[in-house]
file structure_12.txt (compact mmCIF, C-alpha atoms)
# COMPACT_ATOMS: atom_id res chain seq x y z
CA MET A 38 91.78 73.43 93.71
CA GLU A 39 93.80 76.56 92.88
CA ARG A 40 93.43 78.19 96.29
CA HIS A 41 94.53 75.13 98.14
CA SER A 42 97.84 74.93 96.32
CA HIS A 43 98.38 78.62 97.07
CA GLU A 44 97.70 77.88 100.72
CA LYS A 45 100.31 75.11 100.87
CA LYS A 46 102.94 77.12 99.01
CA THR A 47 102.32 80.11 101.23
CA LEU A 48 102.83 78.04 104.36
CA TRP A 49 106.17 76.75 103.05
CA VAL A 50 107.32 80.26 102.34
CA VAL A 51 106.29 81.39 105.84
CA LEU A 52 108.38 78.62 107.41
CA LEU A 53 111.40 79.22 105.17
CA THR A 54 111.30 82.96 105.71
CA ALA A 55 110.81 82.68 109.47
CA VAL A 56 113.98 80.63 109.91
CA THR A 57 116.01 82.98 107.71
CA MET A 58 114.63 86.02 109.52
CA VAL A 59 115.83 84.76 112.89
CA VAL A 60 119.28 84.06 111.46
CA GLU A 61 119.50 87.50 109.81
CA ILE A 62 118.38 89.44 112.87
CA VAL A 63 120.74 87.55 115.18
CA PHE A 64 123.69 88.06 112.82
CA GLY A 65 122.62 91.62 112.03
CA LEU A 66 122.98 92.38 115.74
CA THR A 67 126.19 90.39 116.30
CA THR A 68 127.97 91.58 113.13
CA LYS A 69 126.58 95.12 113.66
CA SER A 70 125.51 95.33 110.03
CA MET A 71 122.63 97.74 109.67
CA ALA A 72 121.79 96.45 106.18
CA LEU A 73 121.63 92.87 107.40
CA LEU A 74 119.47 93.88 110.35
CA ALA A 75 117.22 95.84 107.97
CA ASP A 76 116.97 92.75 105.82
CA GLY A 77 116.12 90.61 108.82
CA ILE A 78 113.48 93.02 110.16
CA HIS A 79 112.11 93.28 106.66
CA MET A 80 111.91 89.51 106.53
CA GLY A 81 110.17 89.55 109.88
CA SER A 82 107.53 91.87 108.50
CA HIS A 83 107.17 89.41 105.66
CA VAL A 84 106.77 86.47 107.96
CA LEU A 85 103.87 88.34 109.54
CA ALA A 86 102.49 89.43 106.20
CA ILE A 87 102.83 86.11 104.41
CA GLY A 88 101.58 84.41 107.57
CA LEU A 89 98.51 86.64 107.28
CA SER A 90 98.15 85.60 103.66
CA TRP A 91 98.23 81.97 104.68
CA LEU A 92 95.64 82.57 107.42
CA ALA A 93 93.48 84.37 104.90
CA TYR A 94 93.49 81.29 102.64
CA VAL A 95 92.54 79.06 105.56
CA LEU A 96 89.73 81.44 106.53
CA VAL A 97 88.38 81.69 102.99
CA ARG A 98 88.42 77.90 102.69
CA LYS A 99 86.60 77.46 106.00
CA LEU A 100 84.06 80.22 105.36
CA SER A 101 83.26 79.22 101.81
CA LYS A 102 82.10 75.84 103.17
CA ARG A 103 79.72 77.55 105.54
CA GLU A 104 76.25 78.30 104.22
CA SER A 105 75.52 80.80 106.97
CA PHE A 106 78.38 83.08 105.88
CA ASN A 107 77.04 85.44 103.23
CA GLY A 108 79.85 88.01 103.19
CA ASN A 109 82.41 88.34 100.46
CA SER A 110 85.17 85.93 101.45
CA ASP A 111 87.50 87.37 98.80
CA LYS A 112 87.59 90.60 100.77
CA ILE A 113 89.47 88.69 103.46
CA LEU A 114 92.34 88.26 100.99
CA SER A 115 92.41 91.96 100.24
CA LEU A 116 92.19 92.84 103.91
CA SER A 117 95.16 90.62 104.57
CA GLY A 118 97.01 92.30 101.70
CA TYR A 119 96.15 95.72 103.12
CA SER A 120 97.41 94.78 106.58
CA SER A 121 100.69 93.56 105.06
CA GLY A 122 101.11 96.86 103.30
CA LEU A 123 100.65 98.80 106.53
CA MET A 124 103.16 96.62 108.35
CA LEU A 125 105.74 97.04 105.63
CA LEU A 126 105.32 100.80 105.77
CA LEU A 127 105.88 100.88 109.52
CA PHE A 128 108.96 98.65 109.40
CA ALA A 129 110.50 100.71 106.61
CA ILE A 130 110.12 103.91 108.64
CA VAL A 131 111.69 102.24 111.70
CA ILE A 132 114.70 101.12 109.64
CA ILE A 133 115.21 104.64 108.26
CA ILE A 134 115.17 106.14 111.77
CA GLU A 135 117.68 103.52 112.96
CA ALA A 136 119.90 104.12 109.95
CA VAL A 137 119.96 107.88 110.49
CA GLU A 138 121.06 107.28 114.10
CA ARG A 139 123.78 104.95 112.83
CA PHE A 140 125.19 107.82 110.73
CA TYR A 141 125.92 109.70 113.96
CA ASN A 142 127.20 106.66 115.85
CA PRO A 143 129.08 104.42 113.38
CA ALA A 144 129.81 100.84 114.43
CA ASP A 145 132.47 98.31 113.44
CA ILE A 146 130.96 95.73 111.15
CA VAL A 147 132.01 92.08 110.89
CA TYR A 148 131.79 91.98 107.10
CA ARG A 149 132.49 88.42 106.06
CA GLU A 150 129.85 86.87 108.29
CA ALA A 151 127.32 89.55 107.43
CA ILE A 152 127.81 89.01 103.69
CA ALA A 153 127.54 85.23 104.03
CA VAL A 154 124.24 85.54 105.91
CA ALA A 155 122.88 88.09 103.45
CA ILE A 156 123.62 85.68 100.60
CA ILE A 157 121.72 82.90 102.39
CA GLY A 158 118.83 85.35 102.76
CA LEU A 159 118.88 86.10 99.06
CA LEU A 160 118.84 82.41 98.15
CA VAL A 161 115.86 81.80 100.42
CA ASN A 162 114.03 84.70 98.77
CA ILE A 163 114.70 83.38 95.29
CA ALA A 164 113.43 79.95 96.32
CA SER A 165 110.31 81.54 97.84
CA ALA A 166 109.68 83.62 94.75
CA PHE A 167 109.68 80.46 92.62
CA LEU A 168 107.28 78.83 95.06
CA LEU A 169 104.90 81.78 94.96
CA HIS A 170 105.11 82.46 91.24
CA HIS A 171 101.62 82.37 89.79
CA ASP A 172 99.54 83.35 86.79
CA HIS A 173 98.95 87.05 87.10
CA GLN A 174 95.67 86.89 85.22
CA HIS A 175 93.78 85.14 87.96
CA SER A 176 95.87 86.07 90.95
CA ASP A 177 94.28 87.47 94.07
CA HIS A 178 95.70 90.34 96.10
CA ASN A 179 96.77 87.89 98.72
CA ILE A 180 99.23 85.77 96.74
CA LYS A 181 100.31 88.95 94.95
CA ALA A 182 101.10 90.55 98.31
CA ALA A 183 103.07 87.51 99.44
CA TYR A 184 104.96 87.48 96.12
CA LEU A 185 105.75 91.20 96.35
CA HIS A 186 107.02 90.71 99.90
CA VAL A 187 109.42 88.05 98.75
CA ILE A 188 110.66 90.10 95.80
CA ALA A 189 111.12 93.18 98.00
CA ASP A 190 113.05 90.96 100.35
CA ALA A 191 115.33 89.75 97.60
CA LEU A 192 116.03 93.39 96.75
CA THR A 193 116.99 94.25 100.34
CA SER A 194 119.19 91.15 100.53
CA LEU A 195 120.87 92.19 97.31
CA SER A 196 121.43 95.77 98.44
CA ALA A 197 122.74 94.47 101.77
CA ILE A 198 125.25 92.22 99.97
CA LEU A 199 126.40 94.99 97.63
CA GLY A 200 126.53 97.57 100.41
CA LEU A 201 128.53 95.32 102.69
CA PHE A 202 130.88 94.33 99.91
CA VAL A 203 131.68 97.91 98.92
CA ALA A 204 131.98 98.94 102.57
CA MET A 205 134.39 96.07 103.23
CA ILE A 206 136.64 96.65 100.22
CA TRP A 207 136.99 100.42 100.63
CA ASP A 208 136.40 100.48 104.38
CA ILE A 209 133.41 102.85 104.23
CA PRO A 210 130.95 101.55 106.84
CA PHE A 211 128.32 104.18 106.05
CA ILE A 212 127.61 102.45 102.72
CA ASP A 213 126.01 99.70 104.82
CA THR A 214 123.70 102.33 106.32
CA ILE A 215 122.90 103.79 102.90
CA ALA A 216 122.01 100.30 101.66
CA ALA A 217 119.56 100.00 104.55
CA ILE A 218 117.97 103.37 103.71
CA VAL A 219 117.68 102.59 99.99
CA SER A 220 115.99 99.28 100.83
CA SER A 221 113.55 101.10 103.06
CA LEU A 222 112.61 103.59 100.38
CA VAL A 223 111.90 100.74 97.98
CA ILE A 224 109.77 99.04 100.64
CA ILE A 225 107.81 102.27 101.23
CA LYS A 226 107.07 102.69 97.53
CA TRP A 227 105.83 99.10 97.25
CA SER A 228 103.76 99.13 100.40
CA ILE A 229 101.92 102.26 99.25
CA GLY A 230 101.13 100.53 95.96
CA LEU A 231 99.82 97.51 97.84
CA LEU A 232 97.68 99.70 100.12
CA LYS A 233 96.16 101.45 97.12
CA ASP A 234 95.40 98.18 95.31
CA SER A 235 93.94 96.24 98.20
CA GLY A 236 92.25 99.32 99.63
CA SER A 237 90.33 99.92 96.43
CA VAL A 238 89.02 96.34 96.52
CA LEU A 239 87.94 96.77 100.13
CA LEU A 240 86.09 99.96 99.27
CA ASP A 241 84.69 98.51 96.04
CA ILE A 242 86.38 101.21 94.00
CA LYS A 243 86.61 100.09 90.39
CA THR A 244 90.02 101.06 89.13
CA THR A 245 89.82 101.68 85.40
CA ASP A 246 93.58 101.68 85.26
CA ASN A 247 93.76 98.15 86.61
CA GLU A 248 91.20 96.87 84.16
CA ARG A 249 93.21 98.26 81.29
CA HIS A 250 96.28 96.50 82.67
CA HIS A 251 94.64 93.15 83.06
CA GLY A 252 92.91 93.27 79.70
CA HIS A 253 89.38 93.01 81.19
CA HIS A 254 89.94 89.78 83.07
CA HIS A 255 86.87 88.97 85.08
CA ASP A 256 86.81 85.54 86.66

call {"tool": "encode", "arguments": {"input": "structure_12.txt", "output": "C-alpha cells"}}
result
Amino acid sequence: MERHSHEKKTLWVVLLTAVTMVVEIVFGLTTKSMALLADGIHMGSHVLAIGLSWLAYVLVRKLSKRESFNGNSDKILSLSGYSSGLMLLLFAIVIIIEAVERFYNPADIVYREAIAVAIIGLLVNIASAFLLHHDHQHSDHNIKAAYLHVIADALTSLSAILGLFVAMIWDIPFIDTIAAIVSSLVIIKWSIGLLKDSGSVLLDIKTTDNERHHGHHHD
C-alpha cells in the first residue's frame, strides 16, 4: 500500500511544518528579520501545498474505491502539484516586494533569536525531507511536489541563517533582505518547473524529455 504510506508521511510533515511556520512568522515579526519572515511565509505556503498533497492522497484513496468514478484519479495528484506551484510563485513575489520596501526602510534586527529560530526551521525541514524521501522511479507529482517544497524550505532556512549571521557579525542589516530575495528567486525557479511538470500531465502532453530522464519508466 504505497500510497497509504505516502499519505501518512505527508500528514506528519504538514503538522511539523505548520508548527514551525507559526514560530517563524511570529519571530520574524518580533525580531524584524525579513529573511526569517520570508522563511516562515514560505513554510506557510508549504503547509498549504503539502496539505493539498495530503488531501489529494485522501481523495484518490476514496475515489479509487468508488465504482461510479471513472475519471483519472491520478490527475488529482497533478492538480494538487500544480496548485502548490502557483501558490509558491505568488508567495515568492510577495516576499520580493516586501524585501524591496525593506531596502528603503531598514529595521533593527534581533539577530540571536532570529538565527536560533531559523536553525530550528532548518532542522524541521531536514526531518521532513527524510520523511518524504521516496523512490524517484515510481513517484507521483504529488509526493515530488511535497518533497520539493521541503527542500526549497531548507534552502530558505539556510540562506536566512547565513544572511543573519553575516549581517550580525559585520552589522549590515541589508544582507538579511538580500537573503530573502535570493530565497524568493530560488522559489520562483522551482515553482515554474513544478507548474510545467504537473501542467503537462493535466493536459496530457507527453514530455519526451521526461521520458529520457526516467529511462522509460511506465508503471

call {"tool": "closest_residue", "arguments": {"input": "structure_12.txt", "among": "A:Ala75, A:Val238, A:Ile62, A:Leu160", "to": "A:Ile130", "atoms": "only C-alpha atoms"}}
result
A:Ala75

call {"tool": "atom_distance", "arguments": {"input": "structure_12.txt", "atom1": "atom CA of A:Glu44", "atom2": "atom CA of A:Ser90"}}
result
8.3 Å

call {"tool": "closest_residue", "arguments": {"input": "structure_12.txt", "among": "A:Val147, A:Leu222, A:Leu125, A:Ala93", "to": "A:Ser110", "atoms": "all atoms listed in the file"}}
result
A:Ala93

call {"tool": "atom_distance", "arguments": {"input": "structure_12.txt", "atom1": "atom CA of A:Ile225", "atom2": "atom CA of A:Val187"}}
result
14.5 Å

call {"tool": "residues_around", "arguments": {"input": "structure_12.txt", "residues": "stretch 49-53 of chain A", "least_positions_apart": "2", "cutoff": "12 Å", "atoms": "all atoms listed in the file", "output": "MDAnalysis selection string"}}
result
chainID A and resid 42:47 55:60 80:92 157:170 180 183:184 186:187

call {"tool": "closest_residue", "arguments": {"input": "structure_12.txt", "among": "A:Ser237, A:Ser228, A:Ser117, A:Ser221", "to": "A:Val137", "atoms": "only C-alpha atoms"}}
result
A:Ser221

call {"tool": "atom_distance", "arguments": {"input": "structure_12.txt", "atom1": "atom CA of A:Arg149", "atom2": "atom CA of A:Ala189"}}
result
23.3 Å

call {"tool": "residues_around", "arguments": {"input": "structure_12.txt", "residues": "A:Leu192", "least_positions_apart": "2", "cutoff": "10 Å", "atoms": "all atoms listed in the file", "output": "ChimeraX atom specification"}}
result
/A:76,159,162,186-190,194-198,219-220,223-224

call {"tool": "closest_atom_pairs", "arguments": {"input": "structure_12.txt", "of": "stretch 139-194 of chain A", "to": "stretch 63-73 of chain A", "cutoff": "9 Å", "atoms": "all atoms listed in the file", "output": "Markdown table"}}
result
| residue | atom | partner | partner_atom | distance |
| --- | --- | --- | --- | --- |
| A:Arg139 | CA | A:Met71 | CA | 8.0 |
| A:Ala144 | CA | A:Lys69 | CA | 6.6 |
| A:Asp145 | CA | A:Lys69 | CA | 6.7 |
| A:Ile146 | CA | A:Lys69 | CA | 5.1 |
| A:Val147 | CA | A:Thr68 | CA | 4.6 |
| A:Tyr148 | CA | A:Thr68 | CA | 7.1 |
| A:Arg149 | CA | A:Thr68 | CA | 9.0 |
| A:Glu150 | CA | A:Thr68 | CA | 7.0 |
| A:Ala151 | CA | A:Thr68 | CA | 6.1 |
| A:Ile152 | CA | A:Leu73 | CA | 8.2 |
| A:Val154 | CA | A:Phe64 | CA | 7.4 |
| A:Ala155 | CA | A:Leu73 | CA | 6.3 |
| A:Thr193 | CA | A:Ala72 | CA | 7.9 |
| A:Ser194 | CA | A:Leu73 | CA | 7.5 |

call {"tool": "closest_residue", "arguments": {"input": "structure_12.txt", "among": "A:Ala217, A:Leu126, A:Leu116, A:Ile133", "to": "A:Gly77", "atoms": "all atoms listed in the file"}}
result
A:Ala217

call {"tool": "build_atoms", "arguments": {"input": "structure_12.txt", "residues": "stretch 41-58 of chain A", "atoms": "N, CA and C atoms", "output": "mmCIF file, in the coordinates of the input"}}
result
data_model
loop_
_atom_site.group_PDB
_atom_site.id
_atom_site.type_symbol
_atom_site.label_atom_id
_atom_site.label_comp_id
_atom_site.auth_asym_id
_atom_site.auth_seq_id
_atom_site.Cartn_x
_atom_site.Cartn_y
_atom_site.Cartn_z
ATOM 1 N N HIS A 41 93.911 76.027 97.192
ATOM 2 C CA HIS A 41 94.530 75.130 98.140
ATOM 3 C C HIS A 41 96.031 75.029 97.900
ATOM 4 N N SER A 42 96.411 75.010 96.616
ATOM 5 C CA SER A 42 97.840 74.930 96.320
ATOM 6 C C SER A 42 98.530 76.223 96.749
ATOM 7 N N HIS A 43 97.828 77.348 96.598
ATOM 8 C CA HIS A 43 98.380 78.620 97.070
ATOM 9 C C HIS A 43 98.592 78.553 98.581
ATOM 10 N N GLU A 44 97.630 77.947 99.255
ATOM 11 C CA GLU A 44 97.700 77.880 100.720
ATOM 12 C C GLU A 44 98.928 77.094 101.156
ATOM 13 N N LYS A 45 99.162 75.941 100.517
ATOM 14 C CA LYS A 45 100.310 75.110 100.870
ATOM 15 C C LYS A 45 101.626 75.829 100.597
ATOM 16 N N LYS A 46 101.713 76.416 99.388
ATOM 17 C CA LYS A 46 102.940 77.120 99.010
ATOM 18 C C LYS A 46 103.214 78.263 99.984
ATOM 19 N N THR A 47 102.148 78.969 100.343
ATOM 20 C CA THR A 47 102.320 80.110 101.230
ATOM 21 C C THR A 47 102.858 79.671 102.580
ATOM 22 N N LEU A 48 102.362 78.538 103.071
ATOM 23 C CA LEU A 48 102.830 78.040 104.360
ATOM 24 C C LEU A 48 104.323 77.704 104.304
ATOM 25 N N TRP A 49 104.750 77.074 103.221
ATOM 26 C CA TRP A 49 106.170 76.750 103.050
ATOM 27 C C TRP A 49 107.028 77.995 103.095
ATOM 28 N N VAL A 50 106.555 79.013 102.383
ATOM 29 C CA VAL A 50 107.320 80.260 102.340
ATOM 30 C C VAL A 50 107.393 80.893 103.723
ATOM 31 N N VAL A 51 106.289 80.828 104.476
ATOM 32 C CA VAL A 51 106.290 81.390 105.840
ATOM 33 C C VAL A 51 107.371 80.707 106.675
ATOM 34 N N LEU A 52 107.419 79.371 106.595
ATOM 35 C CA LEU A 52 108.380 78.620 107.410
ATOM 36 C C LEU A 52 109.818 78.935 107.005
ATOM 37 N N LEU A 53 110.061 78.915 105.695
ATOM 38 C CA LEU A 53 111.400 79.220 105.170
ATOM 39 C C LEU A 53 111.860 80.609 105.603
ATOM 40 N N THR A 54 110.957 81.574 105.418
ATOM 41 C CA THR A 54 111.300 82.960 105.710
ATOM 42 C C THR A 54 111.515 83.174 107.201
ATOM 43 N N ALA A 55 110.702 82.502 108.021
ATOM 44 C CA ALA A 55 110.810 82.680 109.470
ATOM 45 C C ALA A 55 112.191 82.264 109.971
ATOM 46 N N VAL A 56 112.662 81.115 109.482
ATOM 47 C CA VAL A 56 113.980 80.630 109.910
ATOM 48 C C VAL A 56 115.059 81.623 109.480
ATOM 49 N N THR A 57 114.995 82.054 108.224
ATOM 50 C CA THR A 57 116.010 82.980 107.710
ATOM 51 C C THR A 57 115.985 84.294 108.461
ATOM 52 N N MET A 58 114.785 84.762 108.793
ATOM 53 C CA MET A 58 114.630 86.020 109.520
ATOM 54 C C MET A 58 115.378 85.975 110.841
#
